[in-house]
$ cat work22.txt   # compact mmCIF, C-alpha atoms and all ligand atoms
# COMPACT_ATOMS: atom_id res chain seq x y z
CA MET A 1402 51.42 104.82 133.65
CA THR A 1403 50.82 104.72 137.43
CA PRO A 1404 53.99 104.28 139.51
CA ARG A 1405 54.48 100.86 141.10
CA GLN A 1406 53.19 100.85 144.67
CA PRO A 1407 54.86 98.83 147.45
CA PRO A 1408 52.47 96.17 148.83
CA LEU A 1409 50.87 96.49 152.26
CA PHE A 1410 53.02 94.66 154.80
CA TRP A 1411 53.18 93.57 158.46
CA VAL A 1412 56.35 93.53 160.55
CA VAL A 1413 57.51 91.09 163.24
CA ILE A 1414 60.45 92.21 165.40
CA PRO A 1415 61.94 89.37 167.48
CA ALA A 1416 63.31 91.15 170.58
CA ALA A 1417 63.51 88.44 173.22
CA GLY A 1418 67.22 87.60 173.03
CA VAL A 1419 69.61 88.18 175.94
CA GLY A 1420 72.55 89.43 173.87
CA SER A 1421 75.15 87.13 175.42
CA ARG A 1422 77.88 88.01 172.90
CA MET A 1423 77.46 91.71 173.72
CA ARG A 1424 78.29 91.12 177.40
CA ALA A 1425 76.35 94.23 178.48
CA ASP A 1426 74.27 94.88 181.61
CA ARG A 1427 71.02 94.45 179.63
CA PRO A 1428 69.82 92.86 176.35
CA LYS A 1429 71.50 94.72 173.49
CA GLN A 1430 68.23 96.02 171.97
CA TYR A 1431 67.91 98.29 175.04
CA LEU A 1432 71.42 99.79 174.86
CA GLN A 1433 71.59 103.45 173.88
CA LEU A 1434 72.43 104.67 170.38
CA GLY A 1435 72.55 108.44 170.72
CA GLU A 1436 69.51 109.60 172.69
CA ARG A 1437 67.37 106.50 172.27
CA SER A 1438 67.59 102.73 172.56
CA ILE A 1439 68.55 100.50 169.64
CA ILE A 1440 65.03 99.01 169.35
CA GLU A 1441 63.47 102.48 169.02
CA HIS A 1442 65.76 103.24 166.06
CA THR A 1443 64.87 99.84 164.58
CA LEU A 1444 61.14 100.56 164.77
CA ASP A 1445 61.45 104.04 163.20
CA CYS A 1446 62.09 102.88 159.66
CA PHE A 1447 58.87 100.84 159.60
CA LEU A 1448 56.59 103.24 161.50
CA ASP A 1449 57.43 105.97 158.97
CA HIS A 1450 56.33 103.79 156.03
CA PRO A 1451 52.89 104.49 154.47
CA ALA A 1452 52.36 100.83 153.43
CA LEU A 1453 52.78 99.47 156.99
CA ALA A 1454 49.73 97.56 158.28
CA GLY A 1455 51.06 96.99 161.83
CA VAL A 1456 54.03 95.83 163.92
CA VAL A 1457 54.40 93.02 166.44
CA VAL A 1458 57.35 93.01 168.83
CA CYS A 1459 58.22 89.72 170.55
CA ILE A 1460 59.29 90.50 174.11
CA ALA A 1461 60.44 88.13 176.87
CA PRO A 1462 57.68 87.82 179.52
CA ASP A 1463 59.94 89.05 182.35
CA ASP A 1464 61.48 91.94 180.36
CA PRO A 1465 61.48 95.09 182.57
CA TYR A 1466 62.85 97.42 179.84
CA TRP A 1467 60.20 97.36 177.10
CA PRO A 1468 57.27 98.73 179.22
CA ARG A 1469 59.40 101.79 180.11
CA LEU A 1470 59.84 102.88 176.48
CA PRO A 1471 57.42 105.46 174.99
CA CYS A 1472 56.81 103.18 171.99
CA ALA A 1473 55.33 100.50 174.30
CA SER A 1474 52.08 102.53 174.29
CA ASN A 1475 52.01 103.12 170.51
CA VAL A 1476 48.69 101.68 169.28
CA ARG A 1477 50.30 100.45 166.03
CA ILE A 1478 52.77 98.28 167.97
CA HIS A 1479 51.47 95.00 169.40
CA ARG A 1480 53.28 92.81 171.91
CA ALA A 1481 53.72 89.04 171.64
CA ALA A 1482 55.63 86.75 173.99
CA GLY A 1483 59.23 85.91 173.19
CA GLY A 1484 60.19 82.23 173.03
CA ARG A 1485 63.19 80.06 173.83
CA GLU A 1486 64.74 80.35 170.35
CA ARG A 1487 64.41 83.16 167.81
CA SER A 1488 62.12 80.96 165.70
CA ASP A 1489 59.79 80.46 168.73
CA SER A 1490 59.59 84.23 169.16
CA VAL A 1491 58.81 84.73 165.46
CA LEU A 1492 56.10 82.04 165.54
CA ASN A 1493 54.43 83.81 168.49
CA GLY A 1494 54.59 87.04 166.47
CA LEU A 1495 52.93 85.37 163.47
CA GLN A 1496 50.17 83.99 165.71
CA CYS A 1497 49.58 87.52 167.04
CA LEU A 1498 49.27 88.83 163.44
CA HIS A 1499 46.73 86.10 162.71
CA GLU A 1500 44.71 87.23 165.76
CA LEU A 1501 44.91 90.83 164.55
CA GLY A 1502 43.20 89.75 161.33
CA ALA A 1503 46.18 89.40 159.00
CA ASP A 1504 45.55 87.12 156.02
CA ALA A 1505 47.64 84.03 155.18
CA CYS A 1506 48.59 85.71 151.89
CA ASP A 1507 49.77 88.96 153.51
CA TRP A 1508 53.44 89.84 153.40
CA VAL A 1509 55.32 89.71 156.71
CA LEU A 1510 58.74 91.28 157.14
CA VAL A 1511 60.77 89.80 160.01
CA HIS A 1512 63.52 92.14 161.19
CA ASP A 1513 66.02 91.80 164.07
CA ALA A 1514 65.44 94.20 166.98
CA ALA A 1515 69.20 94.70 167.12
CA ARG A 1516 69.53 95.91 163.50
CA PRO A 1517 68.84 99.66 163.85
CA ASN A 1518 70.41 101.05 160.66
CA LEU A 1519 68.00 99.80 157.96
CA ALA A 1520 67.84 102.40 155.17
CA ARG A 1521 64.45 103.36 153.79
CA GLU A 1522 65.79 102.83 150.26
CA ASP A 1523 66.61 99.18 151.15
CA LEU A 1524 63.17 98.61 152.65
CA ASP A 1525 61.51 100.01 149.51
CA LYS A 1526 63.80 97.97 147.24
CA LEU A 1527 62.88 94.75 149.09
CA LEU A 1528 59.14 95.51 148.95
CA LEU A 1529 59.17 96.39 145.26
CA GLU A 1530 61.48 93.61 144.03
CA LEU A 1531 59.57 90.88 145.85
CA ALA A 1532 56.05 92.27 145.38
CA GLY A 1533 55.20 89.75 142.63
CA ASP A 1534 57.39 86.88 143.85
CA SER A 1535 55.80 83.53 144.65
CA VAL A 1536 58.19 82.76 147.54
CA GLY A 1537 59.69 85.99 148.93
CA GLY A 1538 63.24 86.65 150.05
CA LEU A 1539 65.63 88.71 152.08
CA LEU A 1540 68.10 91.57 152.08
CA ALA A 1541 71.61 90.22 151.70
CA VAL A 1542 75.12 91.37 150.85
CA PRO A 1543 77.64 89.55 148.62
CA ALA A 1544 80.69 88.33 150.55
CA ARG A 1545 83.48 90.92 150.28
CA ASP A 1546 86.52 89.34 151.87
CA THR A 1547 88.37 86.24 150.85
CA LEU A 1548 86.76 83.33 152.72
CA LYS A 1549 88.62 80.46 154.42
CA ARG A 1550 87.35 77.16 155.72
CA VAL A 1551 89.22 76.47 158.93
CA GLY A 1552 89.82 73.20 160.78
CA ALA A 1553 89.49 72.52 164.52
CA ASP A 1554 93.25 73.11 164.85
CA GLY A 1555 92.86 76.74 163.69
CA ARG A 1556 94.56 76.12 160.35
CA VAL A 1557 93.16 76.92 156.92
CA LEU A 1558 91.75 73.90 155.09
CA GLU A 1559 90.84 75.75 151.89
CA THR A 1560 89.81 79.04 150.31
CA VAL A 1561 86.08 79.14 149.57
CA ASP A 1562 84.71 80.55 146.29
CA ARG A 1563 83.25 83.83 147.53
CA SER A 1564 81.42 84.67 144.29
CA VAL A 1565 78.51 82.42 145.34
CA VAL A 1566 78.40 83.40 149.02
CA TRP A 1567 76.11 86.08 150.46
CA GLN A 1568 75.56 87.30 154.02
CA ALA A 1569 71.91 87.01 155.04
CA PHE A 1570 70.49 90.19 156.59
CA THR A 1571 66.98 91.22 157.57
CA PRO A 1572 64.21 92.14 156.82
CA GLN A 1573 63.21 88.73 155.49
CA MET A 1574 59.91 88.91 153.61
CA PHE A 1575 57.52 85.99 153.23
CA ARG A 1576 53.79 85.27 153.09
CA LEU A 1577 52.34 84.80 156.57
CA GLY A 1578 50.82 81.35 155.91
CA MET A 1579 53.82 79.87 154.10
CA LEU A 1580 56.28 81.14 156.69
CA ARG A 1581 54.22 79.86 159.58
CA GLU A 1582 53.96 76.38 158.06
CA ALA A 1583 57.69 76.27 157.30
CA LEU A 1584 58.68 77.37 160.83
CA GLU A 1585 56.24 74.93 162.46
CA ALA A 1586 57.49 72.04 160.32
CA ALA A 1587 61.12 72.87 161.13
CA LEU A 1588 60.33 73.10 164.82
CA GLU A 1589 58.45 69.78 164.86
CA THR A 1590 61.42 67.92 163.40
CA GLY A 1591 63.93 69.69 165.63
CA VAL A 1592 65.84 71.39 162.80
CA GLN A 1593 67.66 74.51 164.04
CA VAL A 1594 66.74 77.52 161.92
CA THR A 1595 68.54 80.79 162.68
CA ASP A 1596 66.57 82.83 160.17
CA GLU A 1597 63.24 82.63 158.34
CA ALA A 1598 64.87 81.92 154.97
CA SER A 1599 66.42 78.72 156.41
CA ALA A 1600 62.96 77.48 157.38
CA MET A 1601 61.67 78.23 153.87
CA GLU A 1602 64.68 76.47 152.32
CA TRP A 1603 64.08 73.49 154.55
CA ALA A 1604 60.48 73.44 153.25
CA GLY A 1605 61.86 73.16 149.71
CA GLN A 1606 61.55 76.82 148.66
CA SER A 1607 64.24 79.07 147.17
CA PRO A 1608 64.05 82.56 148.68
CA ARG A 1609 65.41 85.39 146.52
CA VAL A 1610 68.27 87.58 147.70
CA VAL A 1611 67.90 91.33 147.22
CA GLU A 1612 71.22 93.16 147.48
CA GLY A 1613 71.17 95.68 150.32
CA ARG A 1614 73.57 98.06 152.04
CA ALA A 1615 76.43 96.57 154.05
CA ASP A 1616 75.81 99.06 156.88
CA ASN A 1617 72.48 97.39 157.78
CA LEU A 1618 74.48 95.95 160.63
CA LYS A 1619 73.19 93.70 163.43
CA VAL A 1620 74.64 94.68 166.78
CA THR A 1621 76.26 91.45 167.93
CA ARG A 1622 79.52 92.44 169.62
CA PRO A 1623 80.62 95.64 171.43
CA GLU A 1624 82.59 96.93 168.42
CA ASP A 1625 79.39 96.89 166.28
CA LEU A 1626 77.73 99.39 168.61
CA GLU A 1627 80.90 101.52 168.75
CA TRP A 1628 80.89 101.68 164.93
CA LEU A 1629 77.18 102.56 164.74
CA ALA A 1630 77.52 105.20 167.49
CA GLN A 1631 80.37 106.88 165.58
CA ARG A 1632 78.24 106.88 162.40
CA TRP A 1633 75.26 108.25 164.28
CA HIS A 1634 77.26 111.13 165.81
CA ALA A 1635 78.98 111.89 162.47
CA ASP A 1636 75.58 112.09 160.68
CA ARG A 1637 74.21 114.45 163.36
CA THR A 1638 77.17 116.84 163.28
CA GLN A 1639 77.29 117.11 159.47
N1 LIG B 1701 65.74 86.77 169.58
C1 LIG B 1701 64.43 86.51 170.04
N2 LIG B 1701 64.18 85.40 170.80
C2 LIG B 1701 65.18 84.55 171.13
C3 LIG B 1701 66.50 84.79 170.67
C4 LIG B 1701 66.76 85.92 169.88
O1 LIG B 1701 63.52 87.29 169.75
N3 LIG B 1701 64.90 83.49 171.91
C5 LIG B 1701 66.01 87.98 168.78
C6 LIG B 1701 67.04 88.91 169.39
O2 LIG B 1701 66.44 89.75 170.38
C7 LIG B 1701 67.58 89.67 168.19
C8 LIG B 1701 67.37 88.69 167.02
O3 LIG B 1701 66.54 87.64 167.51
O4 LIG B 1701 66.83 90.84 167.91
C9 LIG B 1701 68.70 88.18 166.48
O5 LIG B 1701 69.32 87.32 167.41
P1 LIG B 1701 70.79 87.51 168.01
O6 LIG B 1701 71.54 88.55 167.30
O7 LIG B 1701 71.38 86.15 168.15
O8 LIG B 1701 70.45 88.14 169.46
P2 LIG B 1701 70.65 87.48 170.89
O9 LIG B 1701 70.20 86.07 170.87
O10 LIG B 1701 70.02 88.42 171.86
O11 LIG B 1701 72.24 87.57 171.08
P3 LIG B 1701 73.26 86.38 171.48
O12 LIG B 1701 73.07 85.30 170.45
O13 LIG B 1701 74.60 87.03 171.44
O14 LIG B 1701 72.87 85.94 172.87
MG MG B 1702 71.20 84.59 169.57
$ encode --input "work22.txt" --output "structure tokens" --more "lines below"
Ligand code: CTP
Ligand code: MG
Amino acid sequence: MTPRQPPLFWVVIPAAGVGSRMRADRPKQYLQLGERSIIEHTLDCFLDHPALAGVVVCIAPDDPYWPRLPCASNVRIHRAAGGRERSDSVLNGLQCLHELGADACDWVLVHDAARPNLAREDLDKLLLELAGDSVGGLLAVPARDTLKRVGADGRVLETVDRSVVWQAFTPQMFRLGMLREALEAALETGVQVTDEASAMEWAGQSPRVVEGRADNLKVTRPEDLEWLAQRWHADRTQ
């Protein structure tokens, strides 16, 4: 029997956010993690993969940092314009893939620029588990802590059943055509979608969750980068 092969896939990296919660002197994707910037680490996992068809990064038009990185001249990385919201950036990335010749049925993996610790084993698991799926899905992690619903006065209203709650991570993997239609429809009606799965849900689809590693962390606040930097140094000195 021939081993199962992961399908060919495209990647869109939205990287046009300002990182307001990070309160740094530049957008968080350009902060250093060891010797390189966060976005360079993020790109590594995909560029190393034999089934990768190409990558699009969505960069704010006035971004002075991206052009200075060595990867800006990598011929496998294409640049699209960032938009006002994350979903606008992703839509521009999908349009760029279309112009590059990607097919509506091709798989697209959307992955946050600020999520630099994606493990290759998680990427392969996502690709293999969703290869034959009619909708697609996302890496996610079951909620670990006890969850509370809290009122405006800062007091607990109730404890939420955590057994049915998952944290949505990226990559999120959908077919180019279906994802584009879902994002455009959401945008037209003014629905706020913070990830691609929400747009698909809004379009009536049920994305599948694929359990991933909890350390596929998105850098959101300063302590996230401190944690990742400690991990990075510990791995290098082992
Ligand atoms: N993003 C984007 N275009 C936007 C907003 C966000 O491409 N208009 C990207 C970010 O660069 C990031 C990813 O979407 O890689 C996830 O968003 P988030 O963590 O919210 O990043 P920021 O919006 O930059 O951070 P903040 O919300 O703290 O300002
Ligand atoms: Mg944001």
$ closest_atom_pairs --input "work22.txt" --of "chain A" --to "ligand MG 1702 (chain B)" --cutoff "12 Å" --atoms "all atoms listed in the file" --output "tab-separated table"
residue	atom	partner	partner_atom	distance
A:Pro1415	CA	B:MG1702	MG	10.6
A:Ala1416	CA	B:MG1702	MG	10.3
A:Ala1417	CA	B:MG1702	MG	9.3
A:Gly1418	CA	B:MG1702	MG	6.1
A:Val1419	CA	B:MG1702	MG	7.5
A:Gly1420	CA	B:MG1702	MG	6.6
A:Ser1421	CA	B:MG1702	MG	7.5
A:Arg1422	CA	B:MG1702	MG	8.2
A:Met1423	CA	B:MG1702	MG	10.3
A:Pro1428	CA	B:MG1702	MG	10.8
A:Lys1429	CA	B:MG1702	MG	10.9
A:Gly1484	CA	B:MG1702	MG	11.8
A:Arg1485	CA	B:MG1702	MG	10.1
A:Glu1486	CA	B:MG1702	MG	7.8
A:Arg1487	CA	B:MG1702	MG	7.2
A:Ser1488	CA	B:MG1702	MG	10.5
A:Ser1490	CA	B:MG1702	MG	11.6
A:Asp1513	CA	B:MG1702	MG	10.4
A:Ala1514	CA	B:MG1702	MG	11.5
A:Ala1515	CA	B:MG1702	MG	10.6
A:Val1594	CA	B:MG1702	MG	11.3
A:Thr1595	CA	B:MG1702	MG	8.3
A:Asp1596	CA	B:MG1702	MG	10.6
A:Lys1619	CA	B:MG1702	MG	11.2
A:Val1620	CA	B:MG1702	MG	11.0
A:Thr1621	CA	B:MG1702	MG	8.7
A:Arg1622	CA	B:MG1702	MG	11.4
$ atom_distance --input "work22.txt" --atom1 "atom N3 of ligand LIG 1701 (chain B)" --atom2 "atom CA of Phe1570 of chain A"
17.6 Å
$ residues_around --input "work22.txt" --residues "Leu1498 of chain A" --least-positions-apart "5" --cutoff "10 Å" --atoms "all atoms listed in the file" --output "PyMOL selection string"
chain A and resi 1411-1413+1455-1457+1479+1481+1492-1493+1503-1505+1507+1509+1577
$ closest_residue --input "work22.txt" --among "A:Arg1521, A:Ala1583, A:Pro1623, A:Leu1558" --to "ligand LIG 1701 (chain B)" --atoms "all atoms listed in the file"
A:Pro1623
$ closest_residue --input "work22.txt" --among "A:Gly1537, A:Gly1605, A:Gly1555, A:Gly1435" --to "Cys1506 of chain A" --atoms "all atoms listed in the file"
A:Gly1537
$ residues_around --input "work22.txt" --residues "Asp1523 of chain A" --least-positions-apart "2" --cutoff "12 Å" --atoms "all atoms listed in the file" --output "ChimeraX atom specification"
/A:1446-1447,1518-1521,1525-1530,1539-1542,1570-1573,1611-1617
$ atom_distance --input "work22.txt" --atom1 "atom P3 of ligand LIG 1701 (chain B)" --atom2 "atom CA of Glu1597 of chain A"
16.9 Å
$ atom_distance --input "work22.txt" --atom1 "atom CA of Asp1489 of chain A" --atom2 "atom CA of Glu1602 of chain A"
17.6 Å
$ residues_around --input "work22.txt" --residues "Tyr1466 of chain A" --least-positions-apart "4" --cutoff "10 Å" --atoms "only C-alpha atoms" --output "ChimeraX atom specification"
/A:1427-1428,1430-1431,1460,1470,1473
$ decode --input "work22.txt" --residues "segment 1414-1478 of chain A" --atoms "C-alpha atoms" --output "PDB file, in the first residue's frame"
ATOM      1  CA  ILE A1414      -0.313  34.793   6.180  1.00  0.00           C
ATOM      2  CA  PRO A1415      -2.243  37.885   7.339  1.00  0.00           C
ATOM      3  CA  ALA A1416       0.495  40.215   8.640  1.00  0.00           C
ATOM      4  CA  ALA A1417      -1.045  43.676   8.493  1.00  0.00           C
ATOM      5  CA  GLY A1418      -2.052  44.109  12.140  1.00  0.00           C
ATOM      6  CA  VAL A1419      -0.535  46.787  14.378  1.00  0.00           C
ATOM      7  CA  GLY A1420      -0.269  44.656  17.520  1.00  0.00           C
ATOM      8  CA  SER A1421      -1.940  47.152  19.855  1.00  0.00           C
ATOM      9  CA  ARG A1422      -2.172  44.711  22.793  1.00  0.00           C
ATOM     10  CA  MET A1423       1.576  44.086  22.579  1.00  0.00           C
ATOM     11  CA  ARG A1424       2.357  47.781  23.144  1.00  0.00           C
ATOM     12  CA  ALA A1425       5.731  47.478  21.363  1.00  0.00           C
ATOM     13  CA  ASP A1426       7.581  49.979  19.144  1.00  0.00           C
ATOM     14  CA  ARG A1427       6.586  48.027  16.000  1.00  0.00           C
ATOM     15  CA  PRO A1428       3.946  45.475  14.889  1.00  0.00           C
ATOM     16  CA  LYS A1429       4.539  42.280  16.866  1.00  0.00           C
ATOM     17  CA  GLN A1430       5.321  40.122  13.798  1.00  0.00           C
ATOM     18  CA  TYR A1431       8.578  42.111  13.448  1.00  0.00           C
ATOM     19  CA  LEU A1432       9.756  41.680  17.062  1.00  0.00           C
ATOM     20  CA  GLN A1433      12.786  39.449  17.546  1.00  0.00           C
ATOM     21  CA  LEU A1434      12.577  35.829  18.684  1.00  0.00           C
ATOM     22  CA  GLY A1435      16.201  34.768  19.047  1.00  0.00           C
ATOM     23  CA  GLU A1436      18.135  35.913  15.976  1.00  0.00           C
ATOM     24  CA  ARG A1437      15.190  36.486  13.661  1.00  0.00           C
ATOM     25  CA  SER A1438      11.796  38.160  13.591  1.00  0.00           C
ATOM     26  CA  ILE A1439       8.602  36.349  14.567  1.00  0.00           C
ATOM     27  CA  ILE A1440       7.263  36.332  10.982  1.00  0.00           C
ATOM     28  CA  GLU A1441      10.427  34.632   9.685  1.00  0.00           C
ATOM     29  CA  HIS A1442       9.938  31.801  12.201  1.00  0.00           C
ATOM     30  CA  THR A1443       6.270  31.603  11.171  1.00  0.00           C
ATOM     31  CA  LEU A1444       7.166  31.208   7.492  1.00  0.00           C
ATOM     32  CA  ASP A1445       9.801  28.501   8.143  1.00  0.00           C
ATOM     33  CA  CYS A1446       7.387  25.694   8.915  1.00  0.00           C
ATOM     34  CA  PHE A1447       5.608  26.126   5.566  1.00  0.00           C
ATOM     35  CA  LEU A1448       8.635  26.818   3.352  1.00  0.00           C
ATOM     36  CA  ASP A1449      10.200  23.540   4.529  1.00  0.00           C
ATOM     37  CA  HIS A1450       7.132  21.528   3.457  1.00  0.00           C
ATOM     38  CA  PRO A1451       7.343  19.540   0.178  1.00  0.00           C
ATOM     39  CA  ALA A1452       3.586  19.879  -0.543  1.00  0.00           C
ATOM     40  CA  LEU A1453       3.634  23.704  -0.436  1.00  0.00           C
ATOM     41  CA  ALA A1454       2.464  25.351  -3.680  1.00  0.00           C
ATOM     42  CA  GLY A1455       3.198  28.956  -2.619  1.00  0.00           C
ATOM     43  CA  VAL A1456       2.773  31.566   0.129  1.00  0.00           C
ATOM     44  CA  VAL A1457       1.080  34.960   0.148  1.00  0.00           C
ATOM     45  CA  VAL A1458       1.826  37.422   2.946  1.00  0.00           C
ATOM     46  CA  CYS A1459      -0.622  40.297   3.477  1.00  0.00           C
ATOM     47  CA  ILE A1460       1.383  43.395   4.376  1.00  0.00           C
ATOM     48  CA  ALA A1461       0.157  46.920   5.191  1.00  0.00           C
ATOM     49  CA  PRO A1462       0.963  49.259   2.259  1.00  0.00           C
ATOM     50  CA  ASP A1463       3.059  51.620   4.422  1.00  0.00           C
ATOM     51  CA  ASP A1464       4.941  48.839   6.283  1.00  0.00           C
ATOM     52  CA  PRO A1465       8.681  49.729   6.367  1.00  0.00           C
ATOM     53  CA  TYR A1466       9.770  46.462   8.062  1.00  0.00           C
ATOM     54  CA  TRP A1467       8.809  43.722   5.584  1.00  0.00           C
ATOM     55  CA  PRO A1468      10.992  44.948   2.637  1.00  0.00           C
ATOM     56  CA  ARG A1469      14.075  44.824   4.912  1.00  0.00           C
ATOM     57  CA  LEU A1470      13.722  41.100   5.645  1.00  0.00           C
ATOM     58  CA  PRO A1471      15.665  38.576   3.514  1.00  0.00           C
ATOM     59  CA  CYS A1472      12.465  36.575   2.927  1.00  0.00           C
ATOM     60  CA  ALA A1473      10.892  39.578   1.123  1.00  0.00           C
ATOM     61  CA  SER A1474      12.912  38.560  -1.971  1.00  0.00           C
ATOM     62  CA  ASN A1475      12.061  34.831  -1.765  1.00  0.00           C
ATOM     63  CA  VAL A1476      10.410  33.944  -5.100  1.00  0.00           C
ATOM     64  CA  ARG A1477       7.999  31.514  -3.386  1.00  0.00           C
ATOM     65  CA  ILE A1478       6.593  34.313  -1.191  1.00  0.00           C
TER      66      ILE A1478
END
